[in-house]
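Colleague: Got a file for you: my_file_3.cif, mmCIF, C-alpha atoms.
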data_structure
loop_
_atom_site.label_atom_id
_atom_site.label_comp_id
_atom_site.auth_asym_id
_atom_site.auth_seq_id
_atom_site.Cartn_x
_atom_site.Cartn_y
_atom_site.Cartn_z
CA MET A 1 4.21 -26.90 2.03
CA SER A 2 6.39 -25.48 -0.74
CA ILE A 3 5.21 -22.71 -3.02
CA THR A 4 3.59 -23.97 -6.22
CA PRO A 5 2.73 -22.35 -9.57
CA HIS A 6 -0.89 -22.37 -8.38
CA ASP A 7 0.14 -20.25 -5.38
CA GLU A 8 1.83 -17.74 -7.65
CA ARG A 9 -1.21 -17.57 -9.91
CA PHE A 10 -3.60 -16.89 -7.05
CA MET A 11 -1.30 -14.34 -5.42
CA ALA A 12 -0.90 -12.52 -8.73
CA ALA A 13 -4.69 -12.37 -8.92
CA ALA A 14 -4.87 -11.01 -5.36
CA ILE A 15 -2.33 -8.31 -6.22
CA ARG A 16 -4.32 -7.28 -9.30
CA LEU A 17 -7.43 -7.16 -7.13
CA SER A 18 -5.68 -4.94 -4.58
CA ARG A 19 -5.21 -2.20 -7.18
CA TRP A 20 -8.96 -1.72 -7.61
CA HIS A 21 -9.23 0.69 -4.68
CA LEU A 22 -5.90 2.49 -4.80
CA GLY A 23 -6.35 6.04 -3.57
CA ARG A 24 -9.76 5.28 -2.04
CA THR A 25 -8.95 3.54 1.26
CA ALA A 26 -7.93 6.57 3.35
CA THR A 27 -4.87 5.83 5.50
CA ASN A 28 -5.34 2.06 5.24
CA PRO A 29 -3.64 0.13 2.44
CA SER A 30 -5.64 -1.29 -0.43
CA VAL A 31 -5.23 -5.03 0.19
CA GLY A 32 -6.45 -7.93 -1.94
CA CYS A 33 -7.54 -11.28 -0.49
CA LEU A 34 -8.63 -14.54 -2.11
CA ILE A 35 -10.01 -17.58 -0.28
CA VAL A 36 -9.28 -20.71 -2.32
CA ARG A 37 -10.55 -24.22 -1.66
CA ASP A 38 -9.63 -27.21 -3.83
CA GLY A 39 -8.29 -24.86 -6.50
CA VAL A 40 -11.50 -22.81 -6.69
CA ILE A 41 -11.88 -19.20 -5.49
CA VAL A 42 -14.74 -19.21 -2.96
CA GLY A 43 -14.24 -15.69 -1.59
CA ARG A 44 -12.54 -12.52 -2.81
CA ALA A 45 -12.37 -8.93 -1.65
CA VAL A 46 -10.38 -5.71 -1.63
CA THR A 47 -10.20 -3.22 1.24
CA ALA A 48 -13.42 -1.21 1.20
CA PHE A 49 -13.65 2.49 0.41
CA SER A 50 -12.47 4.61 3.35
CA GLY A 51 -10.40 1.66 4.59
CA ARG A 52 -12.99 -0.55 6.28
CA PRO A 53 -13.99 -3.38 6.28
CA HIS A 54 -10.64 -5.00 5.56
CA ALA A 55 -10.23 -7.38 2.65
CA GLU A 56 -9.86 -10.55 4.75
CA THR A 57 -13.11 -10.18 6.67
CA GLN A 58 -15.08 -9.48 3.50
CA ALA A 59 -13.56 -12.42 1.63
CA LEU A 60 -14.18 -14.75 4.58
CA ALA A 61 -17.80 -13.63 4.82
CA GLU A 62 -18.27 -14.38 1.12
CA ALA A 63 -16.71 -17.82 1.49
CA GLY A 64 -18.69 -18.68 4.62
CA ALA A 65 -18.39 -22.33 5.65
CA LEU A 66 -16.24 -23.04 2.58
CA ALA A 67 -13.38 -21.13 4.24
CA ARG A 68 -12.77 -24.02 6.64
CA GLY A 69 -9.69 -25.90 5.45
CA ALA A 70 -9.11 -23.37 2.62
CA THR A 71 -6.05 -21.27 1.73
CA ALA A 72 -6.13 -17.48 2.06
CA TYR A 73 -3.95 -15.40 -0.28
CA VAL A 74 -3.38 -11.92 1.17
CA THR A 75 -1.20 -9.17 -0.31
CA LEU A 76 -0.31 -7.73 3.13
CA GLU A 77 0.18 -9.47 6.48
CA PRO A 78 -3.19 -9.70 8.28
CA CYS A 79 -3.52 -7.24 11.16
CA SER A 80 -3.14 -8.53 14.70
CA HIS A 81 -4.23 -5.51 16.76
CA HIS A 82 -7.61 -4.23 17.85
CA GLY A 83 -8.51 -0.95 16.18
CA ARG A 84 -11.94 0.09 14.98
CA THR A 85 -12.40 -3.51 13.88
CA PRO A 86 -11.17 -6.82 15.36
CA PRO A 87 -7.89 -8.28 14.02
CA CYS A 88 -8.09 -10.02 10.66
CA SER A 89 -5.78 -12.74 12.02
CA GLU A 90 -8.48 -13.62 14.54
CA ALA A 91 -11.08 -13.79 11.77
CA LEU A 92 -8.91 -16.17 9.72
CA ILE A 93 -8.50 -18.38 12.78
CA ALA A 94 -12.22 -18.31 13.63
CA TYR A 95 -13.22 -19.34 10.10
CA GLY A 96 -10.88 -22.35 10.25
CA VAL A 97 -8.56 -21.43 7.37
CA ALA A 98 -5.82 -24.06 7.04
CA ARG A 99 -3.15 -21.99 5.30
CA VAL A 100 -2.35 -18.33 4.72
CA VAL A 101 -0.04 -17.12 1.95
CA ILE A 102 1.25 -13.55 2.30
CA SER A 103 3.07 -11.33 -0.17
CA VAL A 104 4.37 -8.49 2.07
CA THR A 105 5.03 -8.34 5.81
CA ASP A 106 3.43 -5.25 7.33
CA PRO A 107 6.01 -2.65 8.54
CA ASP A 108 3.46 -1.18 10.97
CA PRO A 109 5.02 -1.90 14.40
CA ARG A 110 1.59 -2.87 15.73
CA VAL A 111 1.46 -5.70 13.21
CA SER A 112 4.91 -6.55 11.85
CA GLY A 113 5.38 -10.28 12.31
CA ARG A 114 2.71 -10.50 14.99
CA GLY A 115 -0.06 -11.40 12.60
CA ILE A 116 2.04 -14.25 11.24
CA ALA A 117 2.91 -15.41 14.76
CA MET A 118 -0.73 -15.38 15.83
CA LEU A 119 -1.72 -17.52 12.85
CA ARG A 120 1.07 -20.03 13.42
CA GLU A 121 0.28 -20.30 17.12
CA ALA A 122 -3.25 -21.31 16.09
CA GLY A 123 -1.84 -24.13 13.95
CA ILE A 124 -2.30 -22.40 10.62
CA GLU A 125 0.44 -22.87 8.04
CA VAL A 126 1.87 -19.55 6.87
CA ASP A 127 4.05 -18.81 3.83
CA ALA A 128 5.27 -15.22 3.47
CA GLY A 129 7.15 -13.34 0.75
CA LEU A 130 5.39 -14.74 -2.33
CA LEU A 131 5.70 -12.31 -5.27
CA GLU A 132 6.99 -9.78 -2.76
CA ALA A 133 8.37 -7.34 -5.35
CA GLU A 134 4.99 -7.18 -7.10
CA GLY A 135 3.21 -6.90 -3.77
CA ARG A 136 5.42 -4.05 -2.61
CA HIS A 137 4.79 -2.24 -5.86
CA SER A 138 1.02 -2.37 -5.34
CA LEU A 139 1.46 -1.22 -1.72
CA ALA A 140 4.11 1.43 -2.49
CA ALA A 141 2.13 4.39 -1.11
CA TYR A 142 1.30 2.69 2.17
CA LEU A 143 4.81 1.32 2.65
CA THR A 144 6.42 4.71 1.97
CA ARG A 145 4.23 6.52 4.48
CA GLN A 146 4.87 3.81 7.08
CA THR A 147 8.64 3.60 6.64
CA LYS A 148 9.57 7.14 5.51
CA ASN A 149 6.84 9.26 7.10
CA ARG A 150 5.95 10.87 3.77
CA PRO A 151 3.83 10.17 0.70
CA TYR A 152 5.05 8.14 -2.26
CA VAL A 153 5.86 10.75 -4.93
CA THR A 154 5.24 10.26 -8.65
CA LEU A 155 6.55 12.88 -11.08
CA LYS A 156 4.67 12.98 -14.38
CA LEU A 157 6.13 14.86 -17.34
CA ALA A 158 4.93 15.13 -20.94
CA VAL A 159 7.83 16.15 -23.20
CA SER A 160 7.75 17.18 -26.83
CA ALA A 161 10.11 15.87 -29.49
CA ASP A 162 12.28 18.96 -29.00
CA GLY A 163 12.46 18.53 -25.21
CA MET A 164 9.79 21.02 -24.11
CA ILE A 165 6.90 20.73 -21.65
CA GLY A 166 5.02 23.83 -22.78
CA ARG A 167 5.31 27.26 -24.35
CA GLU A 168 5.85 30.52 -22.51
CA GLY A 169 2.74 32.66 -22.13
CA GLU A 170 0.31 30.21 -23.70
CA GLY A 171 -1.12 28.36 -20.71
CA GLN A 172 -1.93 24.71 -21.25
CA VAL A 173 -0.42 23.27 -24.42
CA ALA A 174 -1.52 19.83 -25.61
CA ILE A 175 1.62 17.72 -25.99
CA THR A 176 0.29 14.17 -25.74
CA GLY A 177 -2.73 12.71 -27.51
CA PRO A 178 -6.10 11.60 -26.09
CA GLU A 179 -4.96 8.06 -25.27
CA ALA A 180 -2.09 9.27 -23.09
CA ARG A 181 -4.26 11.90 -21.44
CA ALA A 182 -6.80 9.21 -20.55
CA GLN A 183 -4.02 7.22 -18.89
CA VAL A 184 -3.09 10.25 -16.80
CA GLN A 185 -6.70 10.52 -15.67
CA ALA A 186 -6.47 6.93 -14.44
CA LEU A 187 -3.26 7.77 -12.56
CA ARG A 188 -4.97 10.71 -10.86
CA ALA A 189 -7.86 8.46 -9.84
CA GLU A 190 -5.58 6.18 -7.82
CA THR A 191 -3.59 8.99 -6.18
CA ASP A 192 -4.42 10.77 -2.92
CA ALA A 193 -3.20 14.23 -3.93
CA ILE A 194 -1.87 16.16 -6.92
CA LEU A 195 0.56 19.09 -6.67
CA VAL A 196 1.49 22.03 -8.91
CA GLY A 197 3.38 25.28 -8.44
CA ILE A 198 1.62 28.65 -8.35
CA GLY A 199 3.11 29.58 -11.74
CA THR A 200 1.34 26.63 -13.36
CA ALA A 201 -1.85 27.26 -11.39
CA ILE A 202 -2.02 30.84 -12.70
CA ALA A 203 -0.74 30.30 -16.25
CA ASP A 204 -2.78 27.17 -17.00
CA ASP A 205 -5.78 27.64 -14.68
CA PRO A 206 -6.12 23.84 -14.44
CA LEU A 207 -8.86 21.81 -12.74
CA LEU A 208 -6.58 18.88 -11.80
CA THR A 209 -9.61 16.63 -11.33
CA VAL A 210 -10.49 13.22 -12.75
CA ARG A 211 -12.78 13.70 -15.71
CA THR A 212 -13.15 10.10 -16.86
CA PRO A 213 -16.89 9.29 -16.77
CA GLY A 214 -17.68 7.29 -13.66
CA LEU A 215 -14.43 8.16 -11.89
CA GLU A 216 -15.08 11.81 -11.10
CA SER A 217 -15.55 11.05 -7.40
CA GLN A 218 -11.97 9.76 -7.26
CA SER A 219 -10.43 13.16 -7.92
CA PRO A 220 -7.36 13.73 -5.70
CA ILE A 221 -6.87 16.56 -3.23
CA ARG A 222 -5.32 19.47 -5.14
CA ILE A 223 -2.26 21.21 -3.70
CA VAL A 224 -0.65 24.45 -4.88
CA LEU A 225 2.76 25.72 -3.75
CA ASP A 226 1.73 29.32 -3.20
CA PRO A 227 4.06 31.16 -0.78
CA SER A 228 2.38 34.58 -1.05
CA LEU A 229 -1.24 33.42 -1.49
CA ALA A 230 -1.42 34.55 -5.11
CA LEU A 231 -4.00 31.97 -6.25
CA PRO A 232 -6.87 33.94 -7.87
CA LEU A 233 -10.32 33.58 -6.36
CA THR A 234 -11.59 33.31 -9.93
CA SER A 235 -9.42 30.28 -10.69
CA LYS A 236 -11.03 26.93 -11.46
CA LEU A 237 -9.29 25.46 -8.44
CA VAL A 238 -10.89 27.90 -6.01
CA GLU A 239 -14.27 27.82 -7.73
CA THR A 240 -14.45 24.02 -7.36
CA THR A 241 -12.89 23.62 -3.92
CA ARG A 242 -16.25 22.76 -2.33
CA GLN A 243 -16.44 19.74 -4.62
CA VAL A 244 -12.76 18.68 -4.51
CA PRO A 245 -10.52 19.99 -1.69
CA VAL A 246 -7.72 22.46 -2.42
CA ILE A 247 -4.73 23.15 -0.16
CA VAL A 248 -2.45 26.13 -0.80
CA VAL A 249 0.95 25.88 0.83
CA ALA A 250 2.00 29.33 2.01
CA SER A 251 5.32 30.45 3.41
CA GLU A 252 5.69 29.97 7.15
CA GLU A 253 7.78 33.11 7.23
CA THR A 254 4.95 35.15 5.73
CA SER A 255 2.73 33.86 8.55
CA LEU A 256 5.30 34.93 11.13
CA LEU A 257 5.61 38.38 9.56
CA GLU A 258 1.85 38.83 9.69
CA ALA A 259 1.96 38.06 13.39
CA GLU A 260 4.76 40.60 13.84
CA GLY A 261 2.97 43.25 11.78
CA LEU A 262 5.79 43.43 9.21
CA PRO A 263 5.58 43.43 5.39
CA PRO A 264 6.95 40.44 3.48
CA SER A 265 9.71 42.68 2.12
CA ALA A 266 11.24 42.63 5.60
CA LEU A 267 12.55 39.17 4.83
CA PRO A 268 16.09 39.01 3.45
CA ASP A 269 16.02 37.90 -0.18
CA TYR A 270 12.24 37.58 0.00
CA ARG A 271 11.73 37.67 -3.75
CA GLY A 272 14.12 34.79 -4.36
CA ARG A 273 12.45 32.79 -1.63
CA ALA A 274 8.91 33.49 -2.72
CA THR A 275 9.50 32.71 -6.36
CA GLY A 276 11.43 29.54 -5.67
CA LEU A 277 14.32 30.81 -7.76
CA ASP A 278 16.49 30.29 -4.70
CA PRO A 279 15.32 27.06 -3.04
CA SER A 280 18.65 26.70 -1.21
CA PHE A 281 17.77 28.74 1.86
CA GLY A 282 17.82 26.98 5.21
CA PRO A 283 15.02 24.88 6.66
CA PRO A 284 12.16 26.63 8.43
CA THR A 285 12.39 27.21 12.14
CA GLY A 286 8.71 27.57 12.87
CA GLY A 287 7.86 23.88 13.15
CA GLU A 288 6.27 21.45 10.73
CA ILE A 289 2.99 23.27 10.31
CA GLY A 290 2.26 26.87 11.18
CA LYS A 291 -1.50 26.55 11.00
CA ARG A 292 -3.73 23.57 10.48
CA ARG A 293 -7.41 22.95 10.58
CA ASP A 294 -9.04 21.21 13.48
CA PRO A 295 -10.32 17.80 12.29
CA ASN A 296 -12.69 17.74 15.29
CA SER A 297 -14.39 20.98 14.32
CA PRO A 298 -18.18 20.58 13.98
CA VAL A 299 -18.06 22.42 10.68
CA SER A 300 -16.58 20.41 7.83
CA ASP A 301 -16.66 20.51 4.07
CA GLY A 302 -17.45 16.80 3.96
CA ASP A 303 -14.03 15.66 2.81
CA GLY A 304 -12.24 15.64 6.14
CA PHE A 305 -11.02 19.24 5.90
CA ALA A 306 -12.72 21.19 8.66
CA LEU A 307 -13.48 24.84 7.99
CA ARG A 308 -12.93 27.65 10.46
CA GLN A 309 -16.20 28.50 12.19
CA ASP A 310 -15.79 32.26 11.77
CA VAL A 311 -15.08 31.94 8.05
CA VAL A 312 -18.03 29.63 7.43
CA GLN A 313 -20.31 32.03 9.25
CA GLY A 314 -19.35 34.80 6.86
CA ALA A 315 -16.22 36.52 8.13
CA ASN A 316 -14.88 38.80 5.41
CA PRO A 317 -17.55 37.86 2.81
CA ASP A 318 -16.38 40.41 0.24
CA PRO A 319 -13.96 38.82 -2.24
CA ILE A 320 -10.61 40.44 -2.82
CA SER A 321 -9.69 41.50 -6.31
CA PRO A 322 -8.64 38.45 -8.35
CA LEU A 323 -4.90 38.18 -8.66
CA VAL A 324 -4.98 37.23 -12.33
CA GLY A 325 -1.46 36.92 -13.63
CA GLU A 326 0.12 37.60 -10.26
CA MET A 327 3.11 35.44 -9.57
CA PRO A 328 4.75 34.56 -6.25
CA GLY A 329 6.79 37.40 -4.90
CA ARG A 330 4.67 40.19 -6.45
CA ALA A 331 3.45 41.06 -2.97
CA GLU A 332 6.95 42.19 -2.07
CA GLY A 333 7.18 45.86 -1.29
CA GLY A 334 3.45 46.54 -1.61
CA ALA A 335 1.52 43.90 0.32
CA SER A 336 0.75 44.82 3.90
CA PRO A 337 0.08 42.23 6.62
CA THR A 338 -3.58 43.24 6.38
CA ASP A 339 -3.56 42.50 2.63
CA MET A 340 -1.98 39.10 3.20
CA ASP A 341 -4.49 38.36 5.92
CA SER A 342 -7.36 39.35 3.63
CA ARG A 343 -6.05 36.98 0.94
CA ARG A 344 -5.93 34.15 3.44
CA ALA A 345 -9.40 34.94 4.78
CA ALA A 346 -10.88 35.18 1.30
CA LEU A 347 -9.36 31.87 0.22
CA GLU A 348 -10.56 30.17 3.38
CA ALA A 349 -14.02 31.68 2.97
CA ALA A 350 -14.11 30.07 -0.48
CA GLY A 351 -13.27 26.70 1.13
CA VAL A 352 -9.52 26.53 0.44
CA GLU A 353 -7.23 25.27 3.18
CA VAL A 354 -4.18 27.43 3.80
CA LEU A 355 -1.27 25.40 5.11
CA TYR A 356 1.69 27.32 6.47
CA CYS A 357 4.64 25.08 5.71
CA ASN A 358 7.74 25.97 3.72
CA PRO A 359 6.65 25.41 0.09
CA TYR A 360 10.17 25.01 -1.23
CA HIS A 361 11.45 22.44 1.24
CA PRO A 362 9.70 19.21 0.25
CA GLU A 363 11.50 17.35 3.03
CA VAL A 364 9.38 19.43 5.43
CA LEU A 365 6.21 19.61 3.35
CA LEU A 366 5.88 15.89 2.62
CA PRO A 367 5.73 14.78 6.29
CA ALA A 368 3.16 17.52 6.88
CA LEU A 369 1.03 16.04 4.11
CA ALA A 370 1.48 12.55 5.56
CA THR A 371 -0.05 13.76 8.83
CA ARG A 372 -3.16 14.54 6.80
CA GLY A 373 -3.41 10.92 5.64
CA ILE A 374 -1.93 11.57 2.19
CA SER A 375 0.00 8.46 1.17
CA SER A 376 0.53 9.16 -2.54
CA LEU A 377 1.33 12.42 -4.29
CA LEU A 378 1.41 13.19 -8.01
CA VAL A 379 3.65 16.13 -8.97
CA GLU A 380 2.25 17.27 -12.27
CA GLY A 381 2.90 20.91 -12.93
CA GLY A 382 5.81 23.26 -13.53
CA ALA A 383 9.44 22.75 -14.53
CA LYS A 384 10.67 24.47 -11.36
CA THR A 385 8.43 22.37 -9.15
CA ALA A 386 9.56 19.17 -10.86
CA ARG A 387 13.20 20.20 -10.48
CA LEU A 388 12.63 21.03 -6.81
CA PHE A 389 11.47 17.50 -5.98
CA LEU A 390 14.11 15.87 -8.17
CA GLU A 391 16.96 17.83 -6.60
CA ALA A 392 15.66 17.02 -3.13
CA GLY A 393 15.82 13.31 -4.00
CA LEU A 394 12.17 12.88 -3.05
CA VAL A 395 10.75 11.44 -6.26
CA ASP A 396 9.98 7.73 -6.11
CA ARG A 397 8.60 7.17 -9.60
CA ILE A 398 8.93 9.05 -12.87
CA GLN A 399 6.36 8.76 -15.63
CA LEU A 400 7.92 10.29 -18.72
CA TYR A 401 5.63 10.74 -21.73
CA GLN A 402 7.43 11.51 -24.99
CA ALA A 403 5.34 12.88 -27.83
CA PRO A 404 6.16 13.47 -31.52
CA VAL A 405 4.91 17.09 -31.49
CA VAL A 406 7.39 19.97 -31.77
CA ILE A 407 6.94 23.08 -29.61
CA GLY A 408 9.57 25.24 -31.24
CA GLU A 409 10.45 28.81 -30.30
CA GLY A 410 9.38 29.97 -26.85
CA GLY A 411 9.25 26.47 -25.42
CA ILE A 412 9.70 25.68 -21.74
CA GLU A 413 12.52 23.19 -21.37
CA SER A 414 11.82 19.94 -19.55
CA PRO A 415 13.80 19.42 -16.34
CA LEU A 416 14.81 15.97 -17.59
CA ASP A 417 14.50 13.57 -20.48
CA ALA A 418 15.19 9.89 -21.09
CA THR A 419 18.93 10.53 -21.39
CA ASP A 420 19.43 12.10 -17.96
CA ILE A 421 17.26 10.12 -15.54
CA PRO A 422 18.79 10.54 -12.05
CA SER A 423 20.87 7.71 -10.63
CA GLY A 424 19.01 5.26 -8.43
CA PHE A 425 16.09 4.86 -10.81
CA ALA A 426 15.48 1.64 -12.71
CA HIS A 427 13.59 1.56 -16.00
CA THR A 428 10.53 -0.58 -15.28
CA GLY A 429 8.65 -0.52 -18.56
CA THR A 430 7.59 1.15 -21.79
CA LEU A 431 4.05 1.54 -23.09
CA MET A 432 2.67 3.17 -26.23
CA PHE A 433 -0.51 5.26 -26.22
CA GLY A 434 -1.24 6.17 -29.81
CA GLY A 435 1.85 8.00 -31.02
CA ASP A 436 3.05 8.77 -27.48
CA ARG A 437 5.60 6.73 -25.57
CA LEU A 438 5.50 6.29 -21.79
CA ASP A 439 8.67 5.24 -19.97
CA GLU A 440 8.42 4.54 -16.28
CA TYR A 441 11.29 4.65 -13.82
CA GLU A 442 11.24 3.71 -10.14
CA ARG A 443 13.45 3.71 -7.09
CA GLY A 444 13.55 0.63 -4.90
CA LEU A 445 11.26 0.75 -1.86
#
What's the structure tokens form of this structure?
Modeller:
Amino acid sequence: MSITPHDERFMAAAIRLSRWHLGRTATNPSVGCLIVRDGVIVGRAVTAFSGRPHAETQALAEAGALARGATAYVTLEPCSHHGRTPPCSEALIAYGVARVVISVTDPDPRVSGRGIAMLREAGIEVDAGLLEAEGRHSLAAYLTRQTKNRPYVTLKLAVSADGMIGREGEGQVAITGPEARAQVQALRAETDAILVGIGTAIADDPLLTVRTPGLESQSPIRIVLDPSLALPLTSKLVETTRQVPVIVVASEETSLLEAEGLPPSALPDYRGRATGLDPSFGPPTGGEIGKRRDPNSPVSDGDGFALRQDVVQGANPDPISPLVGEMPGRAEGGASPTDMDSRRAALEAAGVEVLYCNPYHPEVLLPALATRGISSLLVEGGAKTARLFLEAGLVDRIQLYQAPVVIGEGGIESPLDATDIPSGFAHTGTLMFGGDRLDEYERGL
């Protein structure tokens, strides 16, 4: 059967449906499925929170006996392997569906093409590739983690009329209006993790949560590039880590020095490395992750980030002095291994995860985050951090907000504007939010 306008209409609806649970399906993709009989939708579903049940089984259950002889529209190829649940291809066969229309073939080697083959062997007609570009867009995070072993990275920048993203020494500066800020909250809600540099974390003291009423539970994991563990215990991030997880990414080399009993100043060019002013140094030699938490530990904070037993039971309960205003690299020359260890212990006692992985080599950091089930990452803070990911060629989407406000003297220059978008990005759309303009650019998947 050839593709019809009706097929396109139903698949477009399935793709819209699939976006409902973006960022809420763990490592599984957020898939949309419609069961249609005689032009009427008799079953619909999106992958459930935490990734199970899958969309197909829920939609089939809603359709019941009406699924026999119907057409299923699915945004991603139905699975064909036994995992925690039986294959969705088997469910489609068992319910007697006559035809399955698929937008995107699953790159997972356990599935790729096998789900389609299983359906065809059962006599079900299969059409694949309908609205594939739109389907791939909705599945971008899952596809990137599957094919590139890293999260899909979105860089968000809000730029003033004079090309600034903030003002030196003033913390958070409102550049965009309330409509644009509400849109950013929605973006956070569909993203697995959000990342800022330690300079932004200290200067702005941000929460980085979703504050839209009703969506607070969809706040992303918060990540800080913090090579010398300078994040203050009094920061909003640390104070709320029991509610929304925080990961600080510390220098692997600092971890190695602690083990050797040497001060951080023993590292050649330590200050340049710690501050990120010299991100050109060679890749780390200590492996992907120097220290990670045990997901099988009986003690957990409830969000999948297990806490060290000794810390939970009260090891080093006395907080260290808050490092208000301390920037990366300030430990050089004065911080002993014991001091660094006390910072780590105090952060962990507060519930923060310390990840030893080179903060200024995103090509190493991103795969480490993928191993934690993070499929989408929003880079939201700091000109240096934005430039780091751009220069590494590891940004997949740019959301550039341009506001009419003028920052003036003392402004922090944006790492890019609409006139110097890197090659390889295509302009995919413009939206207006009040007086603010959003331009979006994407690389091909």
Colleague: Could you spell out the hits of the PyMOL selection byres ((chain A and resi 107) around 8) on the shown file, as a PDB file with C-alpha atoms, in the coordinates of the input?
Modeller:
ATOM      1  CA  THR A 105       5.030  -8.340   5.810  1.00  0.00           C
ATOM      2  CA  ASP A 106       3.430  -5.250   7.330  1.00  0.00           C
ATOM      3  CA  ASP A 108       3.460  -1.180  10.970  1.00  0.00           C
ATOM      4  CA  PRO A 109       5.020  -1.900  14.400  1.00  0.00           C
ATOM      5  CA  VAL A 111       1.460  -5.700  13.210  1.00  0.00           C
ATOM      6  CA  SER A 112       4.910  -6.550  11.850  1.00  0.00           C
ATOM      7  CA  LEU A 143       4.810   1.320   2.650  1.00  0.00           C
ATOM      8  CA  GLN A 146       4.870   3.810   7.080  1.00  0.00           C
ATOM      9  CA  THR A 147       8.640   3.600   6.640  1.00  0.00           C
TER      10      THR A 147
END
Colleague: Enumerate, as a ChimeraX atom specification, the residues matched when the PyMOL selection byres ((chain A and resi 411) around 8) is run on the file above.
Modeller: /A:164-168,407-410,412-413
Colleague: Pick the closest to Leu347 of chain A from A:Pro367, A:Pro29, A:Pro232, A:Pro362: which is it, counting all atoms listed in the file?
Modeller: A:Pro232
Colleague: What is the distance, in Å and to one decimal place, between atom CA of Ile124 of chain A and atom CA of Leu22 of chain A?
Modeller: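 Between atom CA of Ile124 of chain A and atom CA of Leu22 of chain A the gap works out to 29.5 Å.
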Colleague: Rounded to one decimal, what separation in Å do you get between atom CA of Pro87 of chain A and atom CA of Glu134 of chain A?
Modeller: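 If I compute the distance from atom CA of Pro87 of chain A to atom CA of Glu134 of chain A, I get 24.8 Å.
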Colleague: How would you write, as a ChimeraX atom specification, the residues chosen by the PyMOL selection byres ((chain A and resi 221) around 8) on this structure?
Modeller: /A:192-194,219-220,222-223,244-247
Colleague: Rank nothing, just name the residue among A:Asp127, A:Glu179, A:Asp226, A:Glu132 nearest to Phe433 of chain A, using only C-alpha atoms.
Modeller: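 Under the stated criterion, the closest residue is A:Glu179.
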Colleague: Produce a table with one row for each residue of segment 126-192 of chain A that has an atom at most 7 Å from any atom of segment 199-218 of chain A, each row naming the nearest atom pair and its distance in Å at one decimal; use all atoms listed in the file; arrange rows by chain and rising residue number; format as JSON lines.
Modeller:
{"residue": "A:Gly171", "atom": "CA", "partner": "A:Asp204", "partner_atom": "CA", "distance": 4.2}
{"residue": "A:Gln172", "atom": "CA", "partner": "A:Asp204", "partner_atom": "CA", "distance": 5.0}
{"residue": "A:Gln185", "atom": "CA", "partner": "A:Val210", "partner_atom": "CA", "distance": 5.5}
{"residue": "A:Arg188", "atom": "CA", "partner": "A:Val210", "partner_atom": "CA", "distance": 6.4}
{"residue": "A:Ala189", "atom": "CA", "partner": "A:Gln218", "partner_atom": "CA", "distance": 5.0}
Colleague: Any chance you could export the current selection's C-alpha atoms as a PDB file, in the coordinates of the input?
Modeller:
ATOM      1  CA  GLY A 171      -1.120  28.360 -20.710  1.00  0.00           C
ATOM      2  CA  GLN A 172      -1.930  24.710 -21.250  1.00  0.00           C
ATOM      3  CA  GLN A 185      -6.700  10.520 -15.670  1.00  0.00           C
ATOM      4  CA  ARG A 188      -4.970  10.710 -10.860  1.00  0.00           C
ATOM      5  CA  ALA A 189      -7.860   8.460  -9.840  1.00  0.00           C
TER       6      ALA A 189
END
Colleague: Work out how far apart atom CA of Leu237 of chain A and atom CA of Leu377 of chain A are and give it in Å to one decimal.
Modeller: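 Pair atom CA of Leu237 of chain A / atom CA of Leu377 of chain A returns 17.3 Å.
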Colleague: Between A:Val238, A:Val224, A:Met432, A:Val395, single out the one closest to Gly381 of chain A, counting only C-alpha atoms.
Modeller: A:Val224
Colleague: When distances are computed from all atoms listed in the file, which of A:Ala70, A:Asn149, A:Glu380, A:Ser160 shows the smallest separation from Gly177 of chain A?
Modeller: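 Closest to Gly177 of chain A, using all atoms listed in the file: A:Ser160.
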Colleague: Have a look at A:Thr176, A:Gln183, A:Thr47, A:Thr144 and name the one nearest to Gln402 of chain A; count only C-alpha atoms.
Modeller: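 Ranked by minimum distance to Gln402 of chain A, first place goes to A:Thr176.
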Colleague: Need to verify the contact set: Asp417 of chain A, 9 Å, all atoms listed in the file, exclusion of same-chain residues closer than 6 positions in sequence. Can you return it as a short mmCIF file (atom, residue, chain, number, x, y, z; two decimals) with C-alpha atoms, in the coordinates of the input?
Modeller:
data_model
loop_
_atom_site.label_atom_id
_atom_site.label_comp_id
_atom_site.auth_asym_id
_atom_site.auth_seq_id
_atom_site.Cartn_x
_atom_site.Cartn_y
_atom_site.Cartn_z
CA VAL A 159 7.83 16.15 -23.20
CA GLY A 163 12.46 18.53 -25.21
CA LEU A 400 7.92 10.29 -18.72
CA GLN A 402 7.43 11.51 -24.99
#
Colleague: With all atoms listed in the file as the basis for distance, which of A:Ile3, A:Ala349, A:Ala158, A:Val36 is at the shortest distance from Pro415 of chain A?
Modeller: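 With all atoms listed in the file as the atom set, the closest residue is A:Ala158.
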Colleague: Using all atoms listed in the file, determine which residues lie at most 12 Å from Leu365 of chain A, disregarding the query and same-chain residues fewer than 3 positions distant; provide the list as a PyMOL selection string.
Modeller: chain A and resi 149-151+195+223-225+248-252+283-284+287-290+355-362+368-372+374+377+389+392+394
Colleague: Please provide as JSON, numbers by chain all residues within 10 Å of Arg387 of chain A, with the sequence filter that same-chain residues fewer than 3 positions apart are discarded (counting all atoms listed in the file).
Modeller: {"A": [155, 382, 383, 384, 390, 391, 392, 393, 414, 415, 416]}
